[in-house]
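K.L.:
Just model.txt, nothing more (compact mmCIF, C-alpha atoms):
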# COMPACT_ATOMS: atom_id res chain seq x y z
CA GLU A 224 20.46 -5.32 -1.49
CA PRO A 225 17.53 -4.14 -3.65
CA GLU A 226 16.06 -0.78 -2.73
CA VAL A 227 12.86 1.18 -3.19
CA THR A 228 13.76 4.56 -4.67
CA GLN A 229 11.69 7.69 -4.13
CA THR A 230 11.97 11.05 -5.85
CA PRO A 231 12.13 13.87 -5.05
CA SER A 232 13.43 13.72 -1.48
CA HIS A 233 11.91 17.12 -0.73
CA GLN A 234 9.16 19.05 -2.46
CA VAL A 235 7.66 22.41 -1.61
CA THR A 236 4.42 23.33 -3.35
CA GLN A 237 1.80 26.04 -3.22
CA MET A 238 -1.61 25.19 -1.78
CA GLY A 239 -3.96 24.13 -4.57
CA GLN A 240 -1.20 22.87 -6.85
CA GLU A 241 -0.94 19.31 -8.10
CA VAL A 242 2.03 17.19 -7.05
CA ILE A 243 3.26 13.82 -8.23
CA LEU A 244 5.45 11.74 -5.98
CA ARG A 245 7.45 9.04 -7.69
CA CYS A 246 8.64 5.64 -6.59
CA VAL A 247 10.56 2.81 -8.20
CA PRO A 248 9.67 -0.39 -6.32
CA ILE A 249 11.85 -3.49 -6.21
CA SER A 250 11.62 -5.07 -9.63
CA ASN A 251 10.15 -8.48 -8.78
CA HIS A 252 7.70 -7.22 -6.18
CA LEU A 253 3.98 -7.44 -6.80
CA TYR A 254 2.41 -5.26 -4.11
CA PHE A 255 2.92 -1.54 -3.84
CA TYR A 256 1.94 0.87 -1.10
CA TRP A 257 1.89 4.49 -0.12
CA TYR A 258 2.04 5.59 3.50
CA ARG A 259 2.34 9.02 5.04
CA GLN A 260 3.64 10.38 8.31
CA ILE A 261 2.62 13.81 9.50
CA LEU A 262 5.33 15.35 11.68
CA GLY A 263 5.21 13.90 15.17
CA GLN A 264 2.51 11.37 14.30
CA LYS A 265 2.46 7.71 13.40
CA VAL A 266 2.91 6.20 9.97
CA GLU A 267 -0.50 5.89 8.29
CA PHE A 268 -1.57 3.63 5.45
CA LEU A 269 -2.91 5.36 2.35
CA VAL A 270 -3.31 2.78 -0.41
CA SER A 271 -2.19 -0.59 -1.67
CA PHE A 272 -1.91 -1.53 -5.34
CA TYR A 273 -1.81 -4.99 -6.87
CA ASN A 274 -2.31 -6.32 -10.38
CA ASN A 275 -2.70 -2.80 -11.75
CA GLU A 276 -5.50 -1.77 -9.47
CA ILE A 277 -6.12 -0.46 -6.00
CA SER A 278 -6.63 -3.38 -3.62
CA GLU A 279 -7.25 -1.37 -0.47
CA LYS A 280 -7.38 2.28 0.55
CA SER A 281 -7.86 4.20 3.76
CA GLU A 282 -10.30 6.99 4.58
CA ILE A 283 -7.46 9.45 4.00
CA PHE A 284 -7.20 8.40 0.36
CA ASP A 285 -10.06 10.49 -1.01
CA ASP A 286 -10.77 11.80 -4.50
CA GLN A 287 -7.83 14.19 -4.27
CA PHE A 288 -5.44 11.24 -4.36
CA SER A 289 -4.68 8.83 -7.16
CA VAL A 290 -2.06 6.21 -7.89
CA GLU A 291 -0.70 4.88 -11.12
CA ARG A 292 1.83 2.43 -12.43
CA PRO A 293 2.46 4.07 -15.79
CA ASP A 294 5.10 1.60 -16.93
CA GLY A 295 6.76 -1.54 -15.65
CA SER A 296 8.91 0.21 -13.08
CA ASN A 297 7.39 3.42 -11.70
CA PHE A 298 4.63 3.82 -9.13
CA THR A 299 3.26 7.31 -8.57
CA LEU A 300 1.06 9.11 -6.07
CA LYS A 301 -0.74 12.20 -7.32
CA ILE A 302 -2.38 14.78 -5.11
CA ARG A 303 -4.62 16.92 -7.31
CA SER A 304 -5.09 20.05 -5.25
CA THR A 305 -2.81 20.14 -2.25
CA LYS A 306 -3.92 21.40 1.13
CA LEU A 307 -1.81 22.58 4.05
CA GLU A 308 -2.70 19.39 5.92
CA ASP A 309 -1.14 17.28 3.15
CA SER A 310 2.26 18.35 4.43
CA ALA A 311 3.91 15.12 5.54
CA MET A 312 6.56 12.57 4.75
CA TYR A 313 5.27 10.18 2.12
CA PHE A 314 6.72 6.66 2.01
CA CYS A 315 6.47 4.18 -0.80
CA ALA A 316 6.83 0.47 -0.05
CA SER A 317 6.78 -2.76 -1.97
CA SER A 318 6.45 -6.42 -1.14
CA ALA A 319 6.62 -9.75 -2.94
CA GLY A 320 3.61 -10.89 -0.90
CA ALA A 321 2.93 -10.50 2.81
CA SER A 322 2.16 -14.16 3.38
CA VAL A 323 5.84 -14.94 2.93
CA TYR A 324 7.82 -11.74 2.59
CA GLY A 325 8.23 -8.46 4.38
CA TYR A 326 7.96 -4.95 3.13
CA THR A 327 10.72 -2.68 1.88
CA PHE A 328 10.30 1.06 2.30
CA GLY A 329 11.81 3.92 0.38
CA SER A 330 13.51 6.80 2.15
CA GLY A 331 10.49 9.05 1.68
CA THR A 332 9.50 12.34 0.10
CA ARG A 333 9.02 15.25 2.44
CA LEU A 334 6.14 17.31 1.05
CA THR A 335 5.64 20.83 2.35
CA VAL A 336 2.53 22.72 1.27
CA VAL A 337 2.72 26.49 1.77
CA LYS B 240 -9.73 -2.70 12.46
CA GLN B 241 -6.17 -3.38 13.57
CA GLU B 242 -4.99 -1.26 16.49
CA VAL B 243 -1.35 -1.33 17.56
CA THR B 244 -0.04 -0.12 20.91
CA GLN B 245 3.60 0.21 21.87
CA ILE B 246 4.84 0.48 25.43
CA PRO B 247 6.74 2.37 26.69
CA ALA B 248 6.29 5.46 24.54
CA ALA B 249 9.76 6.65 25.50
CA LEU B 250 12.74 5.07 27.20
CA SER B 251 16.03 6.55 28.37
CA VAL B 252 18.78 4.21 29.53
CA PRO B 253 22.54 4.19 30.07
CA GLU B 254 24.72 2.37 27.60
CA GLY B 255 25.05 -1.37 28.13
CA GLU B 256 21.57 -2.09 29.43
CA ASN B 257 19.38 -4.82 28.00
CA LEU B 258 16.01 -3.52 26.84
CA VAL B 259 12.55 -4.87 26.12
CA LEU B 260 10.13 -2.98 23.89
CA ASN B 261 6.54 -4.15 23.87
CA CYS B 262 3.93 -4.20 21.13
CA SER B 263 0.33 -5.36 21.29
CA PHE B 264 -2.17 -5.64 18.48
CA THR B 265 -5.89 -6.36 18.40
CA ASP B 266 -6.35 -8.54 15.31
CA SER B 267 -4.31 -11.76 15.42
CA ALA B 268 -5.11 -12.87 11.84
CA ILE B 269 -1.84 -11.42 10.57
CA TYR B 270 0.58 -12.78 8.00
CA ASN B 271 3.62 -11.42 9.75
CA LEU B 272 4.99 -8.70 12.01
CA GLN B 273 7.87 -6.41 11.21
CA TRP B 274 9.97 -4.21 13.48
CA PHE B 275 11.41 -1.01 12.06
CA ARG B 276 13.80 1.65 13.22
CA GLN B 277 13.29 5.31 12.36
CA ASP B 278 15.88 7.99 12.96
CA PRO B 279 14.59 11.57 13.29
CA GLY B 280 13.39 12.93 9.96
CA LYS B 281 14.44 9.77 8.16
CA GLY B 282 12.89 6.71 6.57
CA LEU B 283 12.03 3.28 7.91
CA THR B 284 14.75 0.68 8.29
CA SER B 285 13.55 -2.89 8.62
CA LEU B 286 15.08 -4.70 11.58
CA LEU B 287 13.31 -8.03 11.83
CA LEU B 288 10.46 -9.84 10.13
CA ILE B 289 8.58 -12.61 11.93
CA GLN B 290 6.17 -14.76 9.95
CA SER B 291 2.92 -15.77 11.63
CA SER B 292 4.13 -19.35 11.98
CA GLN B 293 7.32 -18.31 13.76
CA ARG B 294 7.88 -17.55 17.43
CA GLU B 295 11.02 -15.45 17.18
CA GLN B 296 13.73 -14.00 14.98
CA THR B 297 17.23 -12.87 15.83
CA SER B 298 19.63 -10.49 14.16
CA GLY B 299 22.81 -9.60 16.01
CA ARG B 300 21.89 -7.96 19.31
CA LEU B 301 18.20 -7.88 18.40
CA ASN B 302 15.66 -10.57 19.15
CA ALA B 303 11.96 -10.29 18.37
CA SER B 304 9.28 -12.65 19.60
CA LEU B 305 5.72 -13.09 18.45
CA ASP B 306 2.75 -14.51 20.33
CA LYS B 307 0.05 -14.22 17.71
CA SER B 308 -2.74 -15.72 19.76
CA SER B 309 -2.34 -13.12 22.51
CA GLY B 310 -1.59 -10.30 20.09
CA ARG B 311 1.87 -9.49 21.45
CA SER B 312 5.39 -9.00 20.22
CA THR B 313 8.52 -7.94 22.02
CA LEU B 314 11.79 -6.56 20.73
CA TYR B 315 14.77 -7.34 22.91
CA ILE B 316 17.91 -5.24 22.50
CA ALA B 317 21.00 -6.63 24.19
CA ALA B 318 23.86 -4.46 25.44
CA SER B 319 22.40 -1.20 24.18
CA GLN B 320 24.67 1.38 22.53
CA PRO B 321 24.23 5.12 21.85
CA GLY B 322 23.86 4.27 18.16
CA ASP B 323 20.66 2.40 19.03
CA SER B 324 18.98 5.72 19.84
CA ALA B 325 15.98 5.99 17.51
CA THR B 326 12.26 5.35 17.38
CA TYR B 327 11.29 1.69 17.11
CA LEU B 328 8.09 0.85 15.28
CA CYS B 329 6.09 -2.35 15.42
CA ALA B 330 3.92 -3.19 12.40
CA PRO B 331 1.73 -6.27 12.07
CA GLY B 332 1.17 -7.09 8.42
CA GLY B 333 -1.80 -8.27 6.45
CA ASN B 334 -5.00 -10.03 7.34
CA MET B 335 -5.54 -13.70 6.61
CA ASN B 336 -9.31 -13.32 6.72
CA THR B 337 -9.55 -10.57 4.11
CA GLY B 338 -6.38 -11.21 2.16
CA PHE B 339 -5.38 -7.57 2.60
CA GLN B 340 -1.66 -7.03 2.75
CA LYS B 341 -1.07 -3.67 4.42
CA LEU B 342 1.07 -2.94 7.46
CA VAL B 343 -0.45 -1.12 10.42
CA PHE B 344 1.99 0.87 12.51
CA GLY B 345 2.12 1.58 16.19
CA THR B 346 3.08 4.99 17.54
CA GLY B 347 6.54 3.75 18.40
CA THR B 348 8.95 3.66 21.32
CA ARG B 349 11.46 6.52 21.35
CA LEU B 350 14.73 5.17 22.71
CA LEU B 351 17.64 7.25 24.00
CA VAL B 352 20.81 5.45 25.03
CA SER B 353 23.29 7.63 26.90
CA PRO B 354 27.05 7.04 26.83
Represent the supplied structure as C-alpha cells.
P.N.:
Amino acid sequence: EPEVTQTPSHQVTQMGQEVILRCVPISNHLYFYWYRQILGQKVEFLVSFYNNEISEKSEIFDDQFSVERPDGSNFTLKIRSTKLEDSAMYFCASSAGASVYGYTFGSGTRLTVV
Amino acid sequence: KQEVTQIPAALSVPEGENLVLNCSFTDSAIYNLQWFRQDPGKGLTSLLLIQSSQREQTSGRLNASLDKSSGRSTLYIAASQPGDSATYLCAPGGNMNTGFQKLVFGTGTRLLVSP
C-alpha cells in the first residue's frame, strides 16, 4: 500500500536555528498537509497545499513557517527560527481529494528544540 | 469553526468486551469522517473512512457510523483485545461550503484493554 514518507524521524535543534522537515507524499495525490502534535495534546492543523500554493493555514502557521514543493515529489516544512514551543511531532499527510478519498499520514518527525 | 469532542476521554475494560467510542462535531458540512488509531509516541493509522453520503463502514471487528445531520459518529469495537489498547481519534474532514479540505481532530479516547 502506498505510504507517505517523512524524514528525519527525530531532529534535535538549538533554539533560533532553522529546520526543514521533509515529506514524500503519495505520488498521485493532489492535496498536502502539515499537522503538529505537542506532547499530550491533540493533533492540530498547520497548513494545506494544493496546486502549488497554500490553500488554507491556521493561526499557528505564522511568518516563521513556510512550505514548499520544490520538485514533483517532495513537500517540505521550514521553521525559520525555532522556539522551545515548536517542540512537537510534525505529521505530513496527503489526499487525492477529500470529497472522495481519505487522508494518509506519515509516521511523523519528532522535533525537539533545546 | 469545527469543534470535535470525543467521549469518553479514557476507557479501561477487560478483554472481550464490546465498546462504543463517541464523537461529536459542530459543523455538519463535511466531506467525510475518518477514525484513526495512535499508539504512544507513534503516528496515525487510519482505521475507517466514512463518506458524507454513507451511514457506516466496517472493517473486521470495527464498525463506524455517521449521522451527519446530528454531528455524531460512533466507533464500535467488537470483542476487544489487549492489542486494541491505543488512543482513538475522530477527524471530520473538509467543508462543503468553503471547499477546504483539512481534517480537524478530536482529543481522542484513550483505550486500555486488560488481559
K.L.:
Could you work out how far atom CA of Thr335 of chain A lies from atom CA of His233 of chain A, giving the answer in Å with one decimal?
P.N.:
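Between these atoms lies a distance of 7.9 Å.
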K.L.:
Which of these, B:Ser292, B:Ser312, B:Thr346, B:Asn257, has the shortest distance to chain A once you count only C-alpha atoms?
P.N.:
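Using only C-alpha atoms, chain A sits closest to B:Thr346.
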K.L.:
Would you write out, as a tab-separated table, a table of all residues in chain A that have an atom no more than 8 Å from an atom of chain B, listing for each the closest atom pair and the distance in Å to one decimal, considering only C-alpha atoms and ordering rows by chain and rising residue number?
P.N.:
residue	atom	partner	partner_atom	distance
A:Tyr256	CA	B:Lys341	CA	7.8
A:Gln264	CA	B:Thr346	CA	7.2
A:Lys265	CA	B:Thr346	CA	5.0
A:Val266	CA	B:Phe344	CA	6.0
A:Glu267	CA	B:Phe344	CA	7.0
A:Phe268	CA	B:Val343	CA	7.0
A:Ser271	CA	B:Lys341	CA	6.9
A:Ser278	CA	B:Phe339	CA	7.6
A:Glu279	CA	B:Phe339	CA	7.2
A:Phe314	CA	B:Gly282	CA	7.7
A:Gly320	CA	B:Gln340	CA	7.5
A:Ala321	CA	B:Gln340	CA	5.8
A:Ser322	CA	B:Tyr270	CA	5.1
A:Val323	CA	B:Gln290	CA	7.0
A:Gly325	CA	B:Leu288	CA	6.3
A:Thr327	CA	B:Ser285	CA	7.3
A:Phe328	CA	B:Leu283	CA	6.3
A:Gly329	CA	B:Gly282	CA	6.9
A:Ser330	CA	B:Gly282	CA	4.5
A:Gly331	CA	B:Gly282	CA	5.9
K.L.:
Quote the spacing between atom CA of Ala268 of chain B and atom CA of Asn336 of chain B in Å to one decimal place.
P.N.:
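Between these atoms lies a distance of 6.6 Å.
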K.L.:
Just give me the residues with any atom within 7 Å of (19.0, -11.6, 23.9), file coordinates, counting all atoms listed in the file, written as a list in words.
P.N.:
Arg300, Leu301, Asn302, Tyr315, Ile316 and Ala317 of chain B
K.L.:
Work out how far atom CA of Ala311 of chain A is from atom CA of Val235 of chain A, in Å to one decimal.
P.N.:
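Those two atoms sit 10.9 Å apart.
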K.L.:
Please tell me which residues are no farther than 9 Å from (-2.0, 5.3, -8.6) in the file, counting all atoms listed in the file, and write them as a PyMOL selection string.
P.N.:
chain A and resi 270+272+275-277+288-293+298-301
K.L.:
Report the centre and edge lengths, in Å to one decimal, of an axis-aligned box enclosing every atom of segment 276-291 of chain A listed in the file, padded by 4 Å on each side, as JSON.
P.N.:
{"center_x": -5.7, "center_y": 5.4, "center_z": -3.3, "size_x": 18.1, "size_y": 25.6, "size_z": 23.7}
K.L.:
Within 10 Å of Gly295 of chain A, counting all atoms listed in the file, which residues qualify if same-chain residues fewer than 6 places away don't, as a list in words?
P.N.:
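Here the qualifying residues turn out to be Val247, Pro248 and Ser250 of chain A.
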